[in-house]
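Asks: Got upload-v3.cif for you, mmCIF, C-alpha atoms:
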```cif
data_upload
#
loop_
_atom_site.label_atom_id
_atom_site.label_comp_id
_atom_site.auth_asym_id
_atom_site.auth_seq_id
_atom_site.Cartn_x
_atom_site.Cartn_y
_atom_site.Cartn_z
CA MET A 62 73.31 93.58 107.38
CA SER A 63 74.53 93.65 110.97
CA THR A 64 75.59 96.75 112.85
CA LEU A 65 79.26 96.99 113.82
CA THR A 66 79.81 96.59 117.54
CA THR A 67 82.98 96.92 119.56
CA GLN A 68 83.14 93.12 119.79
CA ASP A 69 83.65 92.81 116.03
CA ALA A 70 85.85 95.82 115.36
CA PHE A 71 89.54 95.38 114.66
CA ALA A 72 92.80 97.10 113.83
CA LEU A 73 95.50 95.43 111.74
CA ARG A 74 99.06 95.95 113.05
CA ILE A 75 101.92 95.15 110.68
CA GLU A 76 105.48 94.89 111.99
CA PRO A 77 108.64 95.64 109.97
CA THR A 78 109.46 91.92 110.23
CA GLY A 79 106.29 91.04 108.31
CA GLY A 80 104.45 89.74 111.34
CA PHE A 81 100.90 90.97 111.78
CA ARG A 82 98.16 90.91 114.40
CA LEU A 83 94.47 91.67 114.40
CA LEU A 84 93.84 93.79 117.46
CA PRO A 85 90.42 94.17 119.07
CA TRP A 86 89.28 97.78 118.65
CA GLY A 87 87.01 99.42 121.21
CA VAL A 88 85.55 102.93 121.33
CA ASP A 89 88.26 104.00 123.80
CA MET A 90 91.16 102.75 121.65
CA ARG A 91 93.57 105.19 120.05
CA PRO A 92 96.23 104.68 117.37
CA GLN A 93 98.80 105.73 119.97
CA ASP A 94 97.78 102.73 122.07
CA ALA A 95 97.99 100.30 119.16
CA LEU A 96 101.41 101.64 118.11
CA ASP A 97 102.85 102.21 121.60
CA ALA A 98 103.68 105.74 120.42
CA ASP A 99 103.15 109.26 121.72
CA GLN A 100 102.76 110.96 118.33
CA VAL A 101 101.12 109.37 115.32
CA ARG A 102 100.62 110.28 111.69
CA SER A 103 97.57 109.29 109.67
CA VAL A 104 97.41 108.40 105.99
CA ASP A 105 93.89 108.34 104.54
CA LEU A 106 93.75 105.43 102.10
CA THR A 107 90.04 105.47 101.29
CA THR A 108 86.99 107.14 102.78
CA GLN A 109 86.73 104.08 105.06
CA LEU A 110 90.38 103.20 105.78
CA ILE A 111 93.27 104.92 107.57
CA MET A 112 96.87 103.82 108.10
CA TRP A 113 98.65 105.09 111.23
CA THR A 114 102.39 105.25 111.88
CA ASP A 115 104.64 106.51 114.66
CA GLU A 116 105.53 110.12 113.84
CA LEU A 117 108.90 109.67 115.58
CA ALA A 118 109.82 106.32 113.97
CA VAL A 119 112.53 107.82 111.72
CA PRO A 120 114.21 109.99 114.40
CA LEU A 121 114.12 107.00 116.77
CA GLY A 122 115.78 104.79 114.16
CA ARG A 123 112.89 102.35 113.72
CA PRO A 124 113.43 99.92 110.82
CA SER A 125 111.79 100.31 107.44
CA ASN A 126 108.46 98.49 107.19
CA GLY A 127 108.54 96.94 103.73
CA PRO A 128 105.42 94.78 104.26
CA ALA A 129 103.27 97.79 105.26
CA HIS A 130 104.77 99.82 102.39
CA GLN A 131 103.85 97.08 99.92
CA LEU A 132 100.30 96.97 101.27
CA LEU A 133 100.15 100.76 101.04
CA GLN A 134 101.14 100.47 97.35
CA THR A 135 97.86 98.69 96.68
CA TYR A 136 96.12 101.97 97.61
CA GLN A 137 98.61 104.62 96.45
CA ALA A 138 100.78 104.69 93.33
CA THR A 139 103.84 106.24 94.99
CA PRO A 140 103.53 106.01 98.77
CA ALA A 141 106.05 107.46 101.18
CA PRO A 142 108.29 104.98 103.00
CA VAL A 143 106.93 103.47 106.20
CA CYS A 144 109.13 102.99 109.26
CA GLY A 145 108.27 101.14 112.44
CA ALA A 146 104.97 99.40 113.02
CA ALA A 147 101.86 100.44 111.06
CA VAL A 148 98.25 100.12 112.15
CA PHE A 149 95.22 100.13 109.86
CA THR A 150 91.81 101.19 111.18
CA GLY A 151 88.48 102.31 109.85
CA THR A 152 87.58 105.96 109.51
CA THR A 153 86.08 108.42 111.96
CA ARG A 154 82.38 108.92 112.57
CA GLY A 155 81.03 111.55 114.94
CA GLY A 156 84.51 112.14 116.35
CA THR A 157 85.06 108.44 117.12
CA LEU A 158 87.76 106.44 115.33
CA LEU A 159 86.17 103.23 114.11
CA GLY A 160 87.86 99.89 113.93
CA LEU A 161 87.84 97.76 110.83
CA THR A 162 84.76 95.72 110.10
CA GLU A 163 85.27 91.99 109.60
CA GLU A 164 84.95 92.53 105.84
CA GLN A 165 87.57 95.34 105.83
CA ALA A 166 89.94 93.23 107.93
CA LEU A 167 89.56 90.29 105.54
CA VAL A 168 90.18 92.52 102.49
CA LEU A 169 93.33 93.96 104.10
CA LEU A 170 94.58 90.52 105.10
CA GLY A 171 93.89 89.24 101.58
CA ARG A 172 95.85 92.11 100.04
CA TYR A 173 98.63 91.60 102.57
CA MET A 174 98.87 87.87 101.85
CA ASP A 175 98.72 88.42 98.08
CA ARG A 176 101.68 90.82 98.28
CA HIS A 177 103.77 88.28 100.22
CA ARG A 178 102.68 85.03 98.66
CA SER A 179 105.58 83.17 97.15
CA VAL A 180 104.58 82.16 93.66
CA PRO A 181 106.41 78.98 92.60
CA GLY A 182 108.50 79.28 89.48
CA GLN A 183 108.24 77.12 86.42
CA ARG A 184 109.73 73.65 86.82
CA ARG A 185 112.69 72.87 84.65
#
```
The structure given in the file should be rewritten as structure tokens.
Replies:
Amino acid sequence: MSTLTTQDAFALRIEPTGGFRLLPWGVDMRPQDALDADQVRSVDLTTQLIMWTDELAVPLGRPSNGPAHQLLQTYQATPAPVCGAAVFTGTTRGGTLLGLTEEQALVLLGRYMDRHRSVPGQRR
């Protein structure tokens, strides 16, 4: 098993439009940087996964983020609405916020794609 380095650490950013990006995550990165926000709110999803949102998204009139909300539903039965962009990272260790491992990023992307995959209907 390899050790996680900053070269293979990521954050997953999901936009309200459904677009997403894997961001490189270094030891100096902060959720504020990834969200372009001054104040952020964290939502612990597992002991290894955190979702971050802009604390001021609602007062600033940011649009609802249905795709991030749907992904959040795979971790929580009744999640709060998500507005603006959302960023998913790993957890903290020794005061440092970790990025996602490759495996965590792939799991999140798989869950994201499964929630948005268009399943063809039965042919008539």
Asks: In Å to one decimal, how far is CA of Gly145 in chain A from CA of Val119 in chain A?
Replies: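 These atoms are spaced 8.0 Å apart.
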Asks: For Ala141 in chain A, list every protein, DNA or RNA residue within 12 Å, evaluated using only C-alpha atoms, and leave out those in the same chain fewer than 3 positions away; present the list as a list in words.
Replies: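 The residues that qualify are Val104, Thr114, Ser125, Asn126, Gly127, Ala129, His130, Gln131, Leu132, Leu133, Gln134, Tyr136, Gln137, Ala138 and Cys144 of chain A.
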Asks: Identify all residues satisfying the PyMOL selection byres ((chain A and resi 173) around 10) in the given file; provide them as an mmCIF file with C-alpha atoms, keeping the file's coordinate frame.
Replies:
```cif
data_model
loop_
_atom_site.group_PDB
_atom_site.id
_atom_site.type_symbol
_atom_site.label_atom_id
_atom_site.label_comp_id
_atom_site.auth_asym_id
_atom_site.auth_seq_id
_atom_site.Cartn_x
_atom_site.Cartn_y
_atom_site.Cartn_z
ATOM 1 C CA ILE A 75 101.920 95.150 110.680
ATOM 2 C CA GLY A 79 106.290 91.040 108.310
ATOM 3 C CA PHE A 81 100.900 90.970 111.780
ATOM 4 C CA PRO A 128 105.420 94.780 104.260
ATOM 5 C CA ALA A 129 103.270 97.790 105.260
ATOM 6 C CA GLN A 131 103.850 97.080 99.920
ATOM 7 C CA LEU A 132 100.300 96.970 101.270
ATOM 8 C CA LEU A 133 100.150 100.760 101.040
ATOM 9 C CA THR A 135 97.860 98.690 96.680
ATOM 10 C CA LEU A 167 89.560 90.290 105.540
ATOM 11 C CA VAL A 168 90.180 92.520 102.490
ATOM 12 C CA LEU A 169 93.330 93.960 104.100
ATOM 13 C CA LEU A 170 94.580 90.520 105.100
ATOM 14 C CA GLY A 171 93.890 89.240 101.580
ATOM 15 C CA ARG A 172 95.850 92.110 100.040
ATOM 16 C CA MET A 174 98.870 87.870 101.850
ATOM 17 C CA ASP A 175 98.720 88.420 98.080
ATOM 18 C CA ARG A 176 101.680 90.820 98.280
ATOM 19 C CA HIS A 177 103.770 88.280 100.220
ATOM 20 C CA ARG A 178 102.680 85.030 98.660
#
```
Asks: So how far away is CA of Leu159 in chain A from CA of Ala70 in chain A, in Å?
Replies: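 Distance reported for this atom pair: 7.5 Å.
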Asks: Using Å and a single decimal, report how far CA of Gly80 in chain A sits from CA of Gln100 in chain A.
Replies: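 A separation of 22.4 Å between them.
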Asks: Using all atoms listed in the file, find the one residue out of A:Leu83, A:Val101, A:Val88, A:Leu117 that sits nearest to Arg154 in chain A.
Replies: A:Val88
Asks: Here's the selection I'm unsure about, the PyMOL selection byres ((chain A and resi 71) around 8); applied to the file above, which residues does it give, as a PyMOL selection string?
Replies: chain A and resi 69-70+72-73+83-86+150+160-163+166
